file work09.txt (compact mmCIF, C-alpha atoms)
# COMPACT_ATOMS: atom_id res chain seq x y z
CA MET F 106 -12.72 1.37 -6.13
CA ASP F 107 -14.53 4.67 -6.39
CA GLU F 108 -15.22 5.64 -2.80
CA TRP F 109 -18.18 7.74 -3.93
CA TYR F 110 -20.11 4.45 -4.06
CA GLN F 111 -18.97 2.28 -1.15
CA HIS F 112 -18.68 5.18 1.28
CA ARG F 113 -22.38 5.98 0.83
CA GLN F 114 -23.96 2.61 0.08
CA LYS F 115 -26.54 1.56 2.63
CA ASP F 116 -26.00 -2.17 2.34
CA ALA F 117 -23.58 -4.90 3.44
CA GLU F 118 -20.97 -3.83 0.86
CA GLY F 119 -20.98 -0.24 2.13
CA GLU F 120 -21.04 -1.30 5.78
CA PHE F 121 -17.94 -3.45 5.37
CA TYR F 122 -16.15 -0.66 3.49
CA ARG F 123 -16.86 1.84 6.26
CA GLU F 124 -15.91 -0.69 8.96
CA VAL F 125 -12.47 -0.95 7.37
CA VAL F 126 -11.67 2.61 6.32
CA TYR F 127 -12.93 4.24 9.51
CA GLN F 128 -10.10 2.43 11.32
CA GLY F 129 -7.62 4.44 9.24
CA PRO F 130 -6.18 7.83 10.16
CA ARG F 131 -9.03 9.70 8.47
CA GLY F 132 -11.36 8.16 11.07
CA LYS F 133 -15.13 8.21 10.82
CA THR F 134 -15.78 10.91 8.29
CA GLU F 135 -18.20 12.01 5.64
CA ALA F 136 -15.30 13.61 3.78
CA THR F 137 -13.20 11.56 1.41
CA THR F 138 -11.78 8.23 2.57
CA GLN F 139 -9.54 7.83 -0.45
CA GLY F 140 -6.19 6.12 -0.09
CA LEU F 141 -4.43 2.78 -0.07
CA TYR F 142 -5.43 0.39 2.71
CA ALA F 143 -4.41 -3.07 3.88
CA PHE F 144 -6.67 -5.18 6.06
CA ARG F 145 -7.77 -8.72 6.86
CA ALA F 146 -10.91 -10.50 5.73
CA ASP F 147 -12.35 -10.11 9.22
CA GLY F 148 -11.96 -6.34 8.88
CA LYS F 149 -8.86 -5.90 11.02
CA PHE F 150 -6.95 -2.85 9.81
CA LEU F 151 -3.30 -3.39 8.83
CA GLY F 152 -2.13 -0.21 7.17
CA TYR F 153 -2.84 2.95 5.19
CA THR F 154 -1.17 5.56 3.05
CA ASN F 155 -2.44 8.18 0.67
CA ASN F 156 1.03 8.76 -0.70
CA ARG F 157 1.72 7.56 -4.24
CA ASP F 158 5.48 7.44 -3.78
CA VAL F 159 6.51 3.89 -4.66
CA GLU F 160 8.78 3.45 -1.64
CA LYS F 161 6.13 4.70 0.80
CA VAL F 162 3.49 2.38 -0.64
CA ARG F 163 5.95 -0.51 -0.58
CA ALA F 164 6.80 0.23 3.06
CA MET F 165 3.11 0.24 4.00
CA ILE F 166 2.54 -3.11 2.25
CA LYS F 167 5.65 -4.66 3.80
CA LYS F 168 4.59 -3.59 7.28
CA ALA F 169 1.07 -4.92 6.71
CA LEU F 170 2.39 -8.26 5.47
CA LYS F 171 4.67 -8.52 8.49
CA GLU F 172 1.76 -7.95 10.85
CA PHE F 173 -0.63 -10.18 8.97
CA THR F 174 -1.81 -13.50 10.35
CA PRO F 175 -4.88 -15.10 8.82
CA PRO F 176 -7.93 -14.78 11.07
CA ASP F 177 -9.04 -18.02 12.73
CA GLU F 178 -12.54 -17.41 11.60
CA VAL F 179 -14.23 -15.03 9.20
CA ALA F 180 -17.90 -14.56 9.99
CA GLU F 181 -20.22 -14.81 7.02
CA ILE F 182 -21.63 -11.53 5.75
CA LYS F 183 -24.90 -12.01 3.92
CA GLU F 184 -24.94 -9.66 0.96
CA GLY F 185 -28.65 -9.07 1.33
CA LYS F 186 -30.46 -6.44 -0.69
CA LYS F 187 -28.12 -4.09 -2.55
CA ASP F 188 -28.57 -0.35 -2.31
CA ALA F 189 -30.14 0.07 -5.77
CA TYR F 190 -29.09 3.73 -6.04
CA PHE F 191 -25.47 2.62 -6.29
CA VAL F 192 -25.79 -0.46 -8.48
CA ARG F 193 -24.11 -0.03 -11.85
CA THR F 194 -24.18 -2.75 -14.50
CA PRO F 195 -23.57 -2.33 -18.22
CA PRO F 196 -26.82 -2.08 -20.20
CA ASP F 197 -28.28 -5.47 -21.18
CA GLY F 198 -27.63 -6.16 -24.84
CA GLY F 199 -25.55 -3.01 -25.15
CA LEU F 200 -21.87 -2.42 -25.75
CA VAL F 201 -18.94 -1.19 -23.68
CA ALA F 202 -16.11 0.85 -25.16
CA ASP F 203 -12.77 1.71 -23.62
CA VAL F 204 -12.10 5.43 -23.67
CA THR F 205 -8.63 6.97 -23.49
CA SER F 206 -7.60 10.61 -23.51
CA LYS F 207 -4.34 12.49 -23.67
CA VAL F 208 -2.97 16.00 -23.61
CA LEU F 209 -0.82 16.09 -26.74
CA GLY F 210 1.32 19.10 -25.87
CA GLY F 211 1.50 22.57 -24.38
CA TYR F 212 2.84 21.82 -20.91
CA ASP F 213 5.80 23.71 -19.46
CA ASP F 214 8.77 21.54 -18.54
CA PRO F 215 7.81 19.37 -15.55
CA LYS F 216 9.23 20.42 -12.19
CA SER F 217 9.14 16.93 -10.73
CA ASP F 218 8.87 13.28 -11.72
CA TYR F 219 5.32 13.31 -10.39
CA GLU F 220 4.38 16.23 -12.63
CA LYS F 221 6.07 14.48 -15.54
CA LEU F 222 3.85 11.44 -15.00
CA PHE F 223 0.70 13.56 -14.99
CA GLN F 224 1.73 15.38 -18.14
CA ALA F 225 2.18 12.09 -20.01
CA ALA F 226 -0.84 10.37 -18.45
CA LEU F 227 -3.47 8.52 -20.39
CA GLY F 228 -6.95 9.26 -19.04
CA ARG F 229 -9.25 6.25 -19.01
CA ASP F 230 -12.93 5.56 -18.77
CA HIS F 231 -15.62 3.33 -20.21
CA LEU F 232 -18.49 4.27 -22.47
CA TRP F 233 -21.76 2.40 -22.08
CA ILE F 234 -23.89 2.05 -25.20
CA ARG F 235 -27.54 1.10 -24.77
CA LYS F 236 -29.05 -1.86 -26.61
CA ASP F 237 -31.17 0.34 -28.88
CA GLU F 238 -28.13 2.48 -29.69
CA ALA F 239 -26.06 -0.64 -30.47
CA GLU F 240 -28.83 -1.92 -32.73
CA ALA F 241 -28.98 1.44 -34.48
CA LEU F 242 -25.21 1.38 -34.98
CA ALA F 243 -25.52 -2.08 -36.52
CA LYS F 244 -28.00 -0.58 -38.98
CA GLY F 245 -25.63 2.25 -39.83
CA GLU F 246 -27.26 4.90 -37.66
CA LEU F 247 -25.67 6.98 -34.93
CA ALA F 248 -28.26 7.69 -32.24
CA ASN F 249 -28.39 11.28 -31.04
CA SER F 250 -28.40 10.04 -27.43
CA LEU F 251 -25.08 8.27 -28.05
CA LYS F 252 -23.53 11.35 -29.69
CA GLN F 253 -24.62 13.46 -26.73
CA ARG F 254 -23.28 10.95 -24.19
CA ILE F 255 -19.90 10.75 -25.89
CA ALA F 256 -19.67 14.54 -26.09
CA ARG F 257 -20.87 15.40 -22.60
CA TYR F 258 -19.34 12.59 -20.59
CA HIS F 259 -16.31 11.42 -22.54
CA LEU F 260 -14.79 14.43 -24.29
CA VAL F 261 -13.37 15.54 -20.96
CA ASP F 262 -9.81 16.03 -19.76
CA ASN F 263 -9.51 13.32 -17.11
CA THR F 264 -5.71 13.03 -17.37
CA ARG F 265 -5.05 14.84 -14.07
CA GLY F 266 -8.00 13.76 -11.94
CA GLU F 267 -11.78 13.73 -11.79
CA PRO F 268 -13.03 16.02 -14.55
CA PRO F 269 -16.15 18.14 -14.64
CA MET F 270 -18.62 16.84 -17.23
CA TRP F 271 -20.33 19.08 -19.77
CA GLU F 272 -23.81 20.41 -19.13
CA ARG F 273 -26.37 20.07 -21.94
CA ARG F 274 -26.14 23.81 -22.54
CA ASP F 275 -22.35 23.48 -23.00
CA VAL F 276 -22.85 21.57 -26.25
CA LYS F 277 -22.61 24.51 -28.65
CA SER F 278 -22.50 22.30 -31.72
CA LEU F 279 -22.28 18.60 -32.38
CA GLU F 280 -22.38 17.56 -35.99
CA VAL F 281 -21.53 13.93 -36.54
CA THR F 282 -22.56 11.59 -39.31
CA LEU F 283 -22.18 7.87 -39.92
CA LYS F 284 -22.07 6.97 -43.57
CA ASP F 285 -20.80 3.76 -45.16
CA GLY F 286 -19.18 2.77 -41.87
CA VAL F 287 -17.28 6.04 -41.45
CA ILE F 288 -18.00 8.48 -38.65
CA GLU F 289 -17.12 12.12 -39.37
CA GLY F 290 -17.89 15.38 -37.72
CA SER F 291 -17.00 18.11 -35.30
CA VAL F 292 -17.88 19.26 -31.83
CA HIS F 293 -17.78 22.53 -29.91
CA LEU F 294 -18.18 22.32 -26.15
CA GLU F 295 -17.91 25.39 -23.97
CA THR F 296 -19.07 26.43 -20.53
CA LYS F 297 -21.34 29.43 -20.11
CA SER F 298 -18.47 31.53 -18.75
CA GLY F 299 -16.13 30.33 -21.49
CA ASP F 300 -13.51 29.27 -18.96
CA ARG F 301 -13.43 25.70 -20.28
CA GLY F 302 -14.00 24.38 -23.76
CA TYR F 303 -13.12 21.87 -26.43
CA VAL F 304 -13.36 22.34 -30.19
CA ALA F 305 -12.49 19.19 -32.07
CA SER F 306 -12.84 17.00 -35.13
CA ILE F 307 -14.20 13.49 -34.96
CA ARG F 308 -13.54 10.48 -37.14
CA GLY F 309 -14.31 6.83 -36.66
CA VAL F 310 -15.01 3.45 -38.19
CA VAL F 311 -17.94 1.13 -37.49
CA GLU F 312 -17.93 -2.46 -38.70
CA VAL F 313 -20.81 -4.88 -38.45
CA LYS F 314 -20.96 -8.64 -38.86
CA ASP F 315 -24.09 -10.76 -38.69
CA GLY F 316 -26.05 -7.81 -37.38
CA LYS F 317 -23.63 -7.13 -34.51
CA VAL F 318 -21.19 -4.26 -34.13
CA THR F 319 -17.69 -5.75 -34.27
CA ARG F 320 -15.73 -2.51 -34.47
CA PHE F 321 -16.41 0.92 -33.04
CA ASP F 322 -13.22 2.92 -33.23
CA VAL F 323 -13.41 6.67 -32.80
CA ALA F 324 -10.76 9.37 -32.54
CA VAL F 325 -11.38 12.98 -31.52
CA LYS F 326 -8.74 15.67 -31.73
CA GLY F 327 -8.81 19.40 -31.21
CA GLU F 328 -8.06 22.27 -28.86
CA PHE F 329 -9.02 22.18 -25.21
CA TRP F 330 -8.80 24.98 -22.69
CA GLY F 331 -9.41 25.27 -18.96
CA CYS F 332 -9.75 22.72 -16.19
CA GLY F 333 -11.91 21.66 -13.25
CA THR F 334 -11.54 21.75 -9.47
CA TYR F 335 -9.91 18.32 -9.42
CA THR F 336 -7.97 18.64 -12.68
CA PRO F 337 -5.79 21.67 -11.96
CA ASN F 338 -2.63 22.78 -13.76
CA PRO F 339 -3.48 22.18 -17.40
CA PRO F 340 -1.24 23.69 -20.07
CA LYS F 341 -1.72 27.44 -20.42
CA GLY F 342 -4.27 28.66 -22.95
CA LYS F 343 -5.50 26.32 -25.64
CA PHE F 344 -3.76 22.98 -25.92
CA PRO F 345 -4.03 19.94 -28.20
CA PHE F 346 -6.13 17.21 -26.68
CA ALA F 347 -7.40 13.89 -28.02
CA VAL F 348 -9.84 11.17 -27.03
CA THR F 349 -10.19 7.71 -28.54
CA LEU F 350 -12.79 4.98 -28.16
CA ARG F 351 -12.65 1.27 -28.97
CA LEU F 352 -14.86 -1.68 -28.12
CA SER F 353 -13.86 -3.29 -24.86
CA SER F 354 -12.79 -6.92 -24.89
CA GLY F 355 -14.86 -7.41 -21.75
CA GLU F 356 -12.44 -10.09 -20.62
CA ALA F 357 -10.85 -8.32 -17.67
CA THR F 358 -12.46 -7.52 -14.33
CA LEU F 359 -11.52 -3.88 -14.85
CA ASP F 360 -13.60 -3.80 -18.04
CA ARG F 361 -16.63 -3.80 -15.73
CA VAL F 362 -15.70 -0.53 -14.02
CA PRO F 363 -18.64 1.81 -14.64
CA PRO F 364 -18.22 5.09 -16.51
CA GLN F 365 -17.31 8.04 -14.30
CA GLY F 366 -20.35 9.88 -15.67
CA SER F 367 -22.68 7.06 -14.62
CA ARG F 368 -22.71 8.39 -11.07
CA ASP F 369 -25.61 10.34 -12.55
CA LEU F 370 -26.96 7.19 -14.15
CA GLN F 371 -30.30 8.51 -15.37
CA ASP F 372 -28.78 11.45 -17.17
CA TYR F 373 -25.86 9.38 -18.42
CA LEU F 374 -28.06 6.79 -20.11
CA LYS F 375 -30.68 9.28 -21.30
CA MET C 299 -20.73 37.75 -44.59
CA LEU C 300 -17.47 36.49 -46.05
CA THR C 301 -15.65 37.74 -42.96
CA LEU C 302 -18.00 35.80 -40.69
CA LEU C 303 -17.53 32.68 -42.78
CA PHE C 304 -13.76 33.14 -42.65
CA LEU C 305 -13.83 33.52 -38.85
CA ALA C 306 -16.01 30.43 -38.51
CA LEU C 307 -13.56 28.46 -40.64
CA LEU C 308 -10.68 29.69 -38.50
CA GLN C 309 -12.41 28.25 -35.41
CA GLU C 310 -12.99 24.87 -37.07
CA PRO C 311 -10.34 22.32 -36.18
CA PRO C 312 -8.70 20.63 -39.16
CA ARG C 313 -10.58 17.54 -40.32
CA LEU C 314 -9.09 14.21 -39.35
CA SER C 315 -8.00 12.20 -42.38
CA ALA C 316 -8.14 8.41 -42.37
CA ASP C 317 -4.38 8.38 -41.70
CA ASP C 318 -4.70 10.91 -38.83
CA PHE C 319 -7.43 8.77 -37.34
CA ALA C 320 -5.42 5.54 -37.58
CA LYS C 321 -2.31 7.12 -36.03
CA LEU C 322 -4.20 8.80 -33.20
CA HIS C 323 -6.17 5.68 -32.43
CA LYS C 324 -2.99 3.65 -32.25
CA ASP C 325 -1.08 6.25 -30.20
CA LEU C 326 -3.80 6.43 -27.55
CA ALA C 327 -4.35 2.68 -27.25
CA PRO C 328 -3.52 1.50 -23.73
CA PRO C 329 -0.33 -0.56 -23.58
CA LYS C 330 -1.12 -4.29 -23.57
CA ASP C 331 1.47 -5.24 -20.97
CA GLU C 332 0.55 -2.96 -18.07
CA ARG C 333 1.58 -4.76 -14.88
CA TRP C 334 -0.98 -3.05 -12.69
CA ARG C 335 -3.76 -4.53 -14.79
CA ALA C 336 -2.36 -8.02 -14.26
CA ILE C 337 -3.23 -7.83 -10.54
CA PRO C 338 -6.36 -9.92 -9.81
CA TRP C 339 -8.44 -6.88 -8.76
CA GLN C 340 -11.91 -7.34 -7.36
CA LEU C 341 -14.57 -4.70 -7.81
CA THR C 342 -16.38 -5.26 -4.53
CA MET C 343 -15.35 -5.33 -0.89
CA LEU C 344 -17.39 -8.45 -0.21
CA GLY C 345 -15.89 -10.25 -3.20
CA ALA C 346 -12.38 -9.38 -2.02
CA ARG C 347 -13.26 -10.43 1.53
CA GLU C 348 -14.51 -13.83 0.40
CA THR C 349 -11.41 -14.49 -1.70
CA ALA C 350 -9.07 -13.33 1.07
CA ALA C 351 -10.79 -15.57 3.62
CA LYS C 352 -10.56 -18.58 1.31
CA GLU C 353 -6.93 -17.96 0.35
CA LYS C 354 -5.85 -16.75 3.82
CA LYS C 355 -4.38 -13.57 2.38
CA PRO C 356 -4.63 -9.89 3.33
CA ILE C 357 -6.53 -7.39 1.19
CA PHE C 358 -5.04 -4.37 -0.53
CA LEU C 359 -7.63 -1.66 -1.18
CA TRP C 360 -7.10 1.17 -3.68
CA SER C 361 -9.87 3.63 -3.02
CA MET C 362 -10.09 6.95 -4.80
CA ASN C 363 -12.57 9.64 -5.79
CA GLY C 364 -13.07 8.37 -9.31
CA HIS C 365 -12.37 4.71 -9.95
CA PRO C 366 -8.60 4.10 -10.18
CA GLY C 367 -9.26 1.21 -12.54
CA GLY C 368 -11.33 3.20 -14.96
CA CYS C 369 -11.23 6.90 -14.59
CA VAL C 370 -8.18 8.74 -13.43

call {"tool": "encode", "arguments": {"input": "work09.txt", "output": "structure tokens"}}
result
Amino acid sequence: MDEWYQHRQKDAEGEFYREVVYQGPRGKTEATTQGLYAFRADGKFLGYTNNRDVEKVRAMIKKALKEFTPPDEVAEIKEGKKDAYFVRTPPDGGLVADVTSKVLGGYDDPKSDYEKLFQAALGRDHLWIRKDEAEALAKGELANSLKQRIARYHLVDNTRGEPPMWERRDVKSLEVTLKDGVIEGSVHLETKSGDRGYVASIRGVVEVKDGKVTRFDVAVKGEFWGCGTYTPNPPKGKFPFAVTLRLSSGEATLDRVPPQGSRDLQDYLK
Amino acid sequence: MLTLLFLALLQEPPRLSADDFAKLHKDLAPPKDERWRAIPWQLTMLGARETAAKEKKPIFLWSMNGHPGGCV
């Protein structure tokens, strides 16, 4: 889960999260609690690591399993009223698209297996499309709000960590059309200082059946430069970078993970 | 004027053809057989707690800044 939510939520969900993670080595903290934890349903802590080395994670799990005995009793926790500020559900009547991104080249040779993994990583996110935007798509129209959301929140390099999103003023140009089911256009995103940017072409296909969007496939490719605080070590200079979107099947639990940009829900869905 | 137009064209990325689009879209599709996605993840602590209590199993929590199942 994204600890940004549970760590701050003032409800039963957040309370149980904090009860568990505060038993870990990070202790009671307002700083990050990220990591891998093992614990029992009654909240008893069993193990923790923030190391992604397979053997270290395996050792933590093995130790936790060895120590685990099911609790005799697990007291009921009434969910009660949820902290509305942190509730994220896909828009009613809208659509969800899977978003993937990839750096297509430009890295120096990796110095470690870990670096190699990052260099080949596929960034992932979900795009939420509002009901009115989905209805517009079904009529062959691409809402400006949807174009802006895709550009500002999804044309980001999230292959090495949490990316900075684009401010409204960073959208230097965004010219995209939808005609006869084909999306075409280009985008220029750039920060005020010019230290980060993306200039790319866009192409996609929209298919509609019985008034419903059945296909929303988009590909974006161009040159990216720069990085954010949590996405360090990009390729030097400008590098080829691509983003694709496709309708989510909605079948898996993970399809319900909210977009990273929806932490700022009001702006995200604007 | 022509120089400005030329410079603007130089900054424009090449247009994506239908073939470029199809290839890129396929290349960036997530693999269908990812083992980590086959794990019965739960999106809430209370949901995981309830299942663990019922099945008498421990809980494994993957908590990150940015959702590990959707962002990074």

call {"tool": "closest_residue", "arguments": {"input": "work09.txt", "among": "F:Gly309, F:Gly316, F:Pro175, F:Gly148", "to": "Leu359 in chain C", "atoms": "only C-alpha atoms"}}
result
F:Gly148

call {"tool": "residues_around", "arguments": {"input": "work09.txt", "residues": "Ala225 in chain F", "least_positions_apart": "4", "cutoff": "12 Å", "atoms": "only C-alpha atoms", "output": "compact mmCIF listing (two decimals) with C-alpha atoms, in the coordinates of the input"}}
result
# COMPACT_ATOMS: atom_id res chain seq x y z
CA SER F 206 -7.60 10.61 -23.51
CA LYS F 207 -4.34 12.49 -23.67
CA VAL F 208 -2.97 16.00 -23.61
CA LEU F 209 -0.82 16.09 -26.74
CA GLY F 210 1.32 19.10 -25.87
CA GLY F 211 1.50 22.57 -24.38
CA TYR F 212 2.84 21.82 -20.91
CA ASP F 214 8.77 21.54 -18.54
CA PRO F 215 7.81 19.37 -15.55
CA ASP F 218 8.87 13.28 -11.72
CA TYR F 219 5.32 13.31 -10.39
CA GLU F 220 4.38 16.23 -12.63
CA LYS F 221 6.07 14.48 -15.54
CA THR F 264 -5.71 13.03 -17.37
CA ARG F 265 -5.05 14.84 -14.07
CA PRO F 339 -3.48 22.18 -17.40
CA PHE F 346 -6.13 17.21 -26.68
CA LEU C 326 -3.80 6.43 -27.55

call {"tool": "closest_atom_pairs", "arguments": {"input": "work09.txt", "of": "chain C", "to": "chain F", "cutoff": "9 Å", "atoms": "only C-alpha atoms", "output": "CSV"}}
result
residue,atom,partner,partner_atom,distance
C:Gln309,CA,F:Val304,CA,7.9
C:Glu310,CA,F:Val304,CA,7.3
C:Pro311,CA,F:Ala305,CA,5.6
C:Pro312,CA,F:Ser306,CA,6.8
C:Arg313,CA,F:Ser306,CA,5.7
C:Leu314,CA,F:Arg308,CA,6.2
C:Ser315,CA,F:Arg308,CA,7.8
C:Ala316,CA,F:Arg308,CA,7.8
C:Asp318,CA,F:Ala324,CA,8.9
C:Phe319,CA,F:Ala324,CA,5.9
C:Ala320,CA,F:Ala324,CA,8.3
C:Leu322,CA,F:Ala324,CA,6.6
C:His323,CA,F:Ala324,CA,5.9
C:Leu326,CA,F:Thr205,CA,6.3
C:Ala327,CA,F:Thr205,CA,7.1
C:Pro328,CA,F:Thr205,CA,7.5
C:Arg335,CA,F:Leu359,CA,7.8
C:Pro338,CA,F:Thr358,CA,8.0
C:Trp339,CA,F:Thr358,CA,6.9
C:Gln340,CA,F:Thr358,CA,7.0
C:Leu341,CA,F:Met106,CA,6.6
C:Thr342,CA,F:Glu118,CA,7.2
C:Met343,CA,F:Glu118,CA,6.1
C:Leu344,CA,F:Glu118,CA,5.9
C:Ala346,CA,F:Ala146,CA,8.0
C:Arg347,CA,F:Ala146,CA,4.8
C:Glu348,CA,F:Ala146,CA,7.2
C:Thr349,CA,F:Ala146,CA,8.4
C:Ala350,CA,F:Ala146,CA,5.8
C:Ala351,CA,F:Ala146,CA,5.5
C:Lys354,CA,F:Pro175,CA,5.4
C:Lys355,CA,F:Pro175,CA,6.6
C:Pro356,CA,F:Arg145,CA,4.9
C:Ile357,CA,F:Phe144,CA,5.3
C:Phe358,CA,F:Ala143,CA,4.6
C:Leu359,CA,F:Tyr142,CA,4.9
C:Trp360,CA,F:Leu141,CA,4.8
C:Ser361,CA,F:Met106,CA,4.8
C:Met362,CA,F:Gln139,CA,4.5
C:Asn363,CA,F:Asp107,CA,5.4
C:Gly364,CA,F:Asp107,CA,4.9
C:His365,CA,F:Asp107,CA,4.2
C:Pro366,CA,F:Met106,CA,6.4
C:Gly367,CA,F:Leu359,CA,6.0
C:Gly368,CA,F:Asp230,CA,4.8
C:Cys369,CA,F:Asp230,CA,4.7
C:Val370,CA,F:Gly266,CA,5.2

call {"tool": "closest_residue", "arguments": {"input": "work09.txt", "among": "F:Tyr127, F:Trp330, F:Tyr373, F:Phe321", "to": "Gly245 in chain F", "atoms": "all atoms listed in the file"}}
result
F:Phe321

call {"tool": "atom_distance", "arguments": {"input": "work09.txt", "atom1": "CA of Pro195 in chain F", "atom2": "CA of Trp233 in chain F"}}
result
6.4 Å

call {"tool": "atom_distance", "arguments": {"input": "work09.txt", "atom1": "CA of Ile234 in chain F", "atom2": "CA of Gly199 in chain F"}}
result
5.3 Å

call {"tool": "atom_distance", "arguments": {"input": "work09.txt", "atom1": "CA of Arg320 in chain F", "atom2": "CA of Gly302 in chain F"}}
result
29.0 Å

call {"tool": "axis_aligned_box", "arguments": {"input": "work09.txt", "around": "range 162-170 of chain F", "padding_each_side": "5 Å", "output": "lines of an AutoDock Vina configuration file"}}
result
center_x = 3.9
center_y = -2.9
center_z = 3.3
size_x = 15.7
size_y = 20.6
size_z = 17.9

call {"tool": "decode", "arguments": {"input": "work09.txt", "residues": "range 269-275 of chain F", "atoms": "all heavy atoms", "output": "compact mmCIF listing (two decimals), in the first residue's frame"}}
result
# COMPACT_ATOMS: atom_id res chain seq x y z
N PRO F 269 7.81 13.63 -9.81
CA PRO F 269 7.08 14.90 -9.67
C PRO F 269 6.08 15.02 -10.82
O PRO F 269 6.38 14.58 -11.94
CB PRO F 269 8.18 15.96 -9.79
CG PRO F 269 9.29 15.30 -10.52
CD PRO F 269 9.18 13.82 -10.30
N MET F 270 4.90 15.54 -10.52
CA MET F 270 3.90 15.76 -11.57
C MET F 270 4.17 17.12 -12.23
O MET F 270 4.95 17.91 -11.72
CB MET F 270 2.49 15.70 -10.97
CG MET F 270 2.21 14.42 -10.20
SD MET F 270 2.29 12.97 -11.28
CE MET F 270 2.23 11.63 -10.08
N TRP F 271 3.49 17.38 -13.31
CA TRP F 271 3.67 18.67 -14.00
C TRP F 271 2.67 19.68 -13.46
O TRP F 271 1.50 19.36 -13.27
CB TRP F 271 3.45 18.49 -15.51
CG TRP F 271 4.37 17.49 -16.14
CD1 TRP F 271 4.04 16.21 -16.51
CD2 TRP F 271 5.75 17.64 -16.46
NE1 TRP F 271 5.14 15.57 -17.04
CE2 TRP F 271 6.20 16.43 -17.03
CE3 TRP F 271 6.67 18.69 -16.33
CZ2 TRP F 271 7.51 16.23 -17.46
CZ3 TRP F 271 7.97 18.50 -16.76
CH2 TRP F 271 8.38 17.30 -17.32
N GLU F 272 3.14 20.89 -13.26
CA GLU F 272 2.25 21.99 -12.88
C GLU F 272 1.49 22.43 -14.14
O GLU F 272 1.92 22.17 -15.26
CB GLU F 272 3.06 23.20 -12.36
CG GLU F 272 3.96 22.91 -11.17
CD GLU F 272 3.16 22.74 -9.89
OE1 GLU F 272 2.02 23.24 -9.82
OE2 GLU F 272 3.68 22.08 -8.97
N ARG F 273 0.38 23.14 -13.93
CA ARG F 273 -0.39 23.63 -15.10
C ARG F 273 0.50 24.48 -16.02
O ARG F 273 0.44 24.39 -17.24
CB ARG F 273 -1.56 24.49 -14.62
CG ARG F 273 -2.79 23.67 -14.44
CD ARG F 273 -4.00 24.41 -13.97
NE ARG F 273 -4.86 23.45 -13.33
CZ ARG F 273 -5.59 22.56 -13.97
NH1 ARG F 273 -5.61 22.56 -15.28
NH2 ARG F 273 -6.32 21.67 -13.33
N ARG F 274 1.34 25.29 -15.38
CA ARG F 274 2.18 26.20 -16.18
C ARG F 274 3.25 25.45 -16.97
O ARG F 274 3.88 26.01 -17.87
CB ARG F 274 2.83 27.25 -15.27
CG ARG F 274 3.84 26.63 -14.31
CD ARG F 274 4.45 27.65 -13.39
NE ARG F 274 5.41 26.98 -12.51
CZ ARG F 274 5.86 27.47 -11.38
NH1 ARG F 274 5.43 28.64 -10.97
NH2 ARG F 274 6.72 26.80 -10.66
N ASP F 275 3.50 24.18 -16.59
CA ASP F 275 4.52 23.39 -17.29
C ASP F 275 4.03 22.89 -18.65
O ASP F 275 4.82 22.39 -19.45
CB ASP F 275 4.96 22.18 -16.44
CG ASP F 275 5.61 22.58 -15.13
OD1 ASP F 275 6.07 23.74 -15.03
OD2 ASP F 275 5.64 21.75 -14.22
